[in-house]
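Novice: Okay, handing you the structure first.
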Amino acid sequence: MEIELMEWFQLAIRWIHMITGIAWIGASFYFVWLDMNLTPPEKDGYKDKAGVGGELWAVHGGGFYEVQKYRLAPPEIPERLHWFKYEAYFTWISGFILLTILYYFGADIYLIDRNIADISTDAAILIGVGSIAGGWIIYDQLCKSPLINNQMIFGLVLFALLTFAAYGLSQVFSGRGAYIHVGAIMGTIMVANVLIIIIPGQVALVTAAKKGEAPDPVYGLRAKQRSLHNNYFTLPVLFIMISNHYPMTYGSSYGWLLLAGISLVGVLVRHYFNMKNQGKAKQGFILLPIAFVLFFAIAYAAAPKPESVPTEKISFSAVETIIHERCTSCHAAKPANKDFESPPKGVRLETAAQIAREKTRIKQQTVDTKTMPLGNLTQMTDEERKLIGWWIAQGASTD
């Protein structure tokens, strides 16, 4: 009963995470698009509108909208002013709760892989939290360095640092644990940008305007810069959010490199749309085929390579023994593993028919990616994985 209630709690938090995340990313995409599509005054003949730096007309939902952006602040601050911040805060809070429940409370299952690093739960949690906090500190210092004046160099350095983080985390965590922490690093950078840079900057602008003082333009420039960084983080973070469904990525021996490559695909796609929003679709169009080719090149490189299979028939009884010793403690109608009330994803491996029916999934997760058993808690050996792979390659006969 306790396990079932915990699963409902996880579902509620995950749903909140998705809802607030969609709201946050939607606002980010919209305002970056809006900023890049504003028509400057000299091209639209409204120089009489004091302080207006750009204007846009749009039609949506059966109505017309006129949007204006001031260079600094309007002559008078309206009584009702909308702020966009709580979407970011609640996305991060719900995400960190999920991270804690699944990866810190369940460290032995999802975070630690003894075949990669035999570390304690406390050490794993310390490394995880430290990497998240350290990621923000390094990024923020990078933004305050001269590199920020060259966005291309800045982007390349940041990409290299995140790739290094992915590699380092993959040396101490399970593939899934490493991926989620890279996502947590990027998500924390995004929300810290909102909390520490963007919102305080906007508060300073509003405060100065209310006092009748000229706002310091640096606040607006810095906020716009960090907002654009967040815009480029979104697609890689979204990929990491769904990656746990695809063990051929995080379960690969070069999972960190696959993460870097797929994240680069996301950045290229995002950059194309940002160029398109600036009216540079023709110049940026080449980015889409590059992203397409890169993605399928990654898929091809990550695909498992065929191995030689012995001619001697592998006995199903030997395979069945391995499955029962290493897998059935979780994948049974009534799991012996106390962390599960029902078999994960409804997969049962108690009978010969059930094992044969799940042969494709067994091969992918046990042989090709070695992501099962979770955390390798039951200590399945490489020799046992090979034997299962050979049995499947020979036709998975249960005779």
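Ordering of the structure tokens sets the chain letters (A, B, ...), residue numbers begin anew at 1 in every chain, and ligands are numbered from 1 in the order given.
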Residues of range 310-382 of chain A classed as alpha helix (DSSP H) by DSSP on the backbone are to be reported as JSON, numbers by chain.

Specialist: {"A": [316, 317, 318, 319, 320, 321, 322, 323, 324, 325, 326, 352, 353, 354, 355, 356, 357, 359, 360, 361, 362, 382]}

Novice: Which residues come within 12 Å of Gly135 in chain A, counting only C-alpha atoms, excluding same-chain residues fewer than 5 positions away, as a list of chain:residue names?

Specialist: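 Here the qualifying residues turn out to be A:Ile127, A:Gly128, A:Val129, A:Gly130, A:Asp140, A:Gln141, A:Leu142, A:Leu158, A:Leu161, A:Leu162, A:Thr163, A:Phe164, A:Ala165, A:Ala166, A:His181, A:Val182, A:Gly183, A:Ala184, A:Ile185, A:Met186, A:Gly187, A:Thr188, A:Ile189, A:Met190, A:Ala192.
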
Novice: If you count only C-alpha atoms, which residues fall within 9 Å of range 115-125 of chain A, apart from same-chain ones fewer than 2 positions away, as JSON, numbers by chain?

Specialist: {"A": [103, 104, 105, 107, 108, 111, 112, 113, 127, 128, 129, 130, 170, 171, 172, 173, 174, 375, 376, 379]}

Novice: Check the smallest atom-to-atom distance from each of A:Gly389, A:Gly155, A:Gly212, A:Pro41 to Glu307 in chain A using only C-alpha atoms, then report the winner.

Specialist: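 The answer is A:Gly389, which sits nearest to Glu307 in chain A.
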
Novice: Please list as a count of residues only every residue within 9 Å of range 253-258 of chain A, counting only C-alpha atoms and excluding residues in the same chain fewer than 4 positions away.

Specialist: 19

Novice: At a cut-off of 12 Å, using only C-alpha atoms, what residues contact Ala353 in chain A? Leave out same-chain residues fewer than 3 positions from it and give the result as a list in words.

Specialist: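 Residues near the query, excluding close chain neighbours: Phe316, Glu320, Arg348, Leu349, Glu350, Ala356, Arg357, Glu358, Lys359, Ala396, Ser397, Thr398 and Asp399 of chain A.
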
Novice: Quick one: write out the picked residues with N, CA and C atoms as a CSV table (one decimal), in the first residue's frame?

Specialist:
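Result written to part-v5.csv:
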```csv
chain,number,residue,atom,x,y,z
A,316,PHE,N,18.3,-23.6,-23.1
A,316,PHE,CA,17.4,-22.7,-22.5
A,316,PHE,C,17.4,-22.8,-21.0
A,320,GLU,N,17.3,-19.8,-18.5
A,320,GLU,CA,16.2,-19.7,-17.6
A,320,GLU,C,16.7,-19.5,-16.1
A,348,ARG,N,6.8,-9.6,-16.8
A,348,ARG,CA,6.9,-10.8,-16.0
A,348,ARG,C,7.8,-11.8,-16.7
A,349,LEU,N,8.8,-12.4,-15.9
A,349,LEU,CA,9.7,-13.3,-16.5
A,349,LEU,C,9.8,-14.6,-15.6
A,350,GLU,N,8.6,-15.2,-15.4
A,350,GLU,CA,8.5,-16.3,-14.5
A,350,GLU,C,8.4,-17.6,-15.3
A,356,ALA,N,10.5,-15.9,-23.5
A,356,ALA,CA,10.6,-15.9,-25.0
A,356,ALA,C,9.8,-14.7,-25.6
A,357,ARG,N,8.7,-14.3,-25.0
A,357,ARG,CA,7.9,-13.2,-25.5
A,357,ARG,C,8.7,-11.9,-25.3
A,358,GLU,N,9.5,-11.8,-24.3
A,358,GLU,CA,10.2,-10.5,-24.0
A,358,GLU,C,11.6,-10.5,-24.5
A,359,LYS,N,11.9,-11.5,-25.4
A,359,LYS,CA,13.3,-11.6,-25.8
A,359,LYS,C,14.0,-10.3,-26.4
A,396,ALA,N,16.1,-18.1,-29.8
A,396,ALA,CA,15.4,-18.0,-28.5
A,396,ALA,C,14.4,-19.2,-28.3
A,397,SER,N,14.9,-20.4,-28.6
A,397,SER,CA,14.1,-21.6,-28.5
A,397,SER,C,14.0,-22.0,-27.0
A,398,THR,N,12.8,-22.4,-26.6
A,398,THR,CA,12.6,-22.8,-25.2
A,398,THR,C,12.6,-24.3,-25.1
A,399,ASP,N,12.9,-25.0,-26.2
A,399,ASP,CA,12.9,-26.5,-26.2
A,399,ASP,C,14.0,-27.1,-25.3
```

Novice: Contacts of Gln68 in chain A at 12 Å or less, counting only C-alpha atoms, minus same-chain residues fewer than 4 places along, as number ranges by chain?

Specialist: A: 34-35, 37-41, 46, 49-58, 72-74

Novice: Write the selection just made, keeping N, CA and C atoms, as a compact mmCIF listing (two decimals), in the first residue's frame?

Specialist:
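The resulting file, again-v4.txt, is shown below:
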```txt
# COMPACT_ATOMS: atom_id res chain seq x y z
N LEU A 34 9.01 36.81 -30.00
CA LEU A 34 8.48 38.17 -30.02
C LEU A 34 9.60 39.19 -30.17
N ASP A 35 10.64 39.03 -29.37
CA ASP A 35 11.75 39.98 -29.40
C ASP A 35 12.42 40.03 -30.76
N ASN A 37 10.97 39.48 -33.61
CA ASN A 37 10.05 39.87 -34.68
C ASN A 37 9.51 41.29 -34.53
N LEU A 38 10.00 42.02 -33.56
CA LEU A 38 9.56 43.40 -33.37
C LEU A 38 10.03 44.28 -34.53
N THR A 39 9.16 45.13 -35.00
CA THR A 39 9.51 46.08 -36.06
C THR A 39 10.02 47.36 -35.43
N PRO A 40 11.23 47.80 -35.76
CA PRO A 40 11.77 49.02 -35.17
C PRO A 40 11.00 50.25 -35.64
N PRO A 41 11.03 51.37 -34.87
CA PRO A 41 10.24 52.56 -35.18
C PRO A 41 10.49 53.14 -36.55
N TYR A 46 6.32 55.26 -36.33
CA TYR A 46 5.63 55.68 -35.10
C TYR A 46 6.63 56.32 -34.14
N LYS A 49 5.78 57.73 -30.64
CA LYS A 49 5.56 56.89 -29.45
C LYS A 49 6.85 56.87 -28.63
N ALA A 50 6.94 57.77 -27.70
CA ALA A 50 8.17 57.98 -26.95
C ALA A 50 8.64 56.72 -26.24
N GLY A 51 9.90 56.40 -26.46
CA GLY A 51 10.52 55.28 -25.76
C GLY A 51 10.27 53.91 -26.33
N VAL A 52 9.38 53.78 -27.34
CA VAL A 52 9.07 52.48 -27.91
C VAL A 52 10.21 52.03 -28.82
N GLY A 53 10.71 50.83 -28.56
CA GLY A 53 11.82 50.33 -29.36
C GLY A 53 11.39 49.36 -30.44
N GLY A 54 10.18 48.83 -30.35
CA GLY A 54 9.71 47.89 -31.36
C GLY A 54 8.24 47.59 -31.16
N GLU A 55 7.60 47.16 -32.25
CA GLU A 55 6.17 46.90 -32.23
C GLU A 55 5.86 45.68 -33.07
N LEU A 56 4.77 44.98 -32.71
CA LEU A 56 4.37 43.81 -33.49
C LEU A 56 2.86 43.69 -33.45
N TRP A 57 2.29 43.36 -34.60
CA TRP A 57 0.87 43.06 -34.71
C TRP A 57 0.72 41.57 -34.97
N ALA A 58 -0.26 40.95 -34.33
CA ALA A 58 -0.49 39.52 -34.52
C ALA A 58 -1.97 39.22 -34.47
N LEU A 72 13.60 51.07 -22.61
CA LEU A 72 13.92 50.91 -21.19
C LEU A 72 12.64 50.74 -20.38
N ALA A 73 11.84 51.81 -20.29
CA ALA A 73 10.60 51.73 -19.50
C ALA A 73 9.60 52.74 -20.05
N PRO A 74 8.32 52.50 -19.87
CA PRO A 74 7.30 53.46 -20.33
C PRO A 74 7.31 54.71 -19.44
```

Novice: Tell me which protein, DNA and RNA residues are within 9 Å of Leu294 in chain A, counting only C-alpha atoms, leaving out same-chain ones fewer than 2 positions away, and put them as a PDB file with C-alpha atoms, in the first residue's frame.

Specialist:
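Dumped to out17.pdb:
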```pdb
ATOM      1  CA  GLY A 261      25.697  14.773 -29.887  1.00  0.00           C
ATOM      2  CA  ILE A 262      21.930  14.726 -29.385  1.00  0.00           C
ATOM      3  CA  LEU A 264      24.004  19.528 -30.278  1.00  0.00           C
ATOM      4  CA  VAL A 265      21.178  18.452 -32.588  1.00  0.00           C
ATOM      5  CA  PRO A 289      19.705  18.942 -42.733  1.00  0.00           C
ATOM      6  CA  ILE A 290      22.909  19.079 -40.670  1.00  0.00           C
ATOM      7  CA  ALA A 291      20.889  18.266 -37.533  1.00  0.00           C
ATOM      8  CA  PHE A 292      19.018  15.502 -39.382  1.00  0.00           C
ATOM      9  CA  PHE A 296      21.011   9.515 -37.760  1.00  0.00           C
ATOM     10  CA  ALA A 297      24.801   9.323 -37.768  1.00  0.00           C
ATOM     11  CA  ILE A 298      24.609   9.097 -33.964  1.00  0.00           C
ATOM     12  CA  ALA A 299      21.904   6.425 -34.208  1.00  0.00           C
TER      13      ALA A 299
END
```

Novice: Quick one: distance from CA of His60 in chain A to CA of Ile16 in chain A in Å, one decimal?

Specialist: 27.1 Å

Novice: Given only C-alpha atoms as the basis, pick out the residue of A:Pro146, A:Pro304, A:Gly266, A:Gly21 nearest to Ser252 in chain A.

Specialist: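 Checking each candidate against Ser252 in chain A, we get A:Pro304 as the closest.
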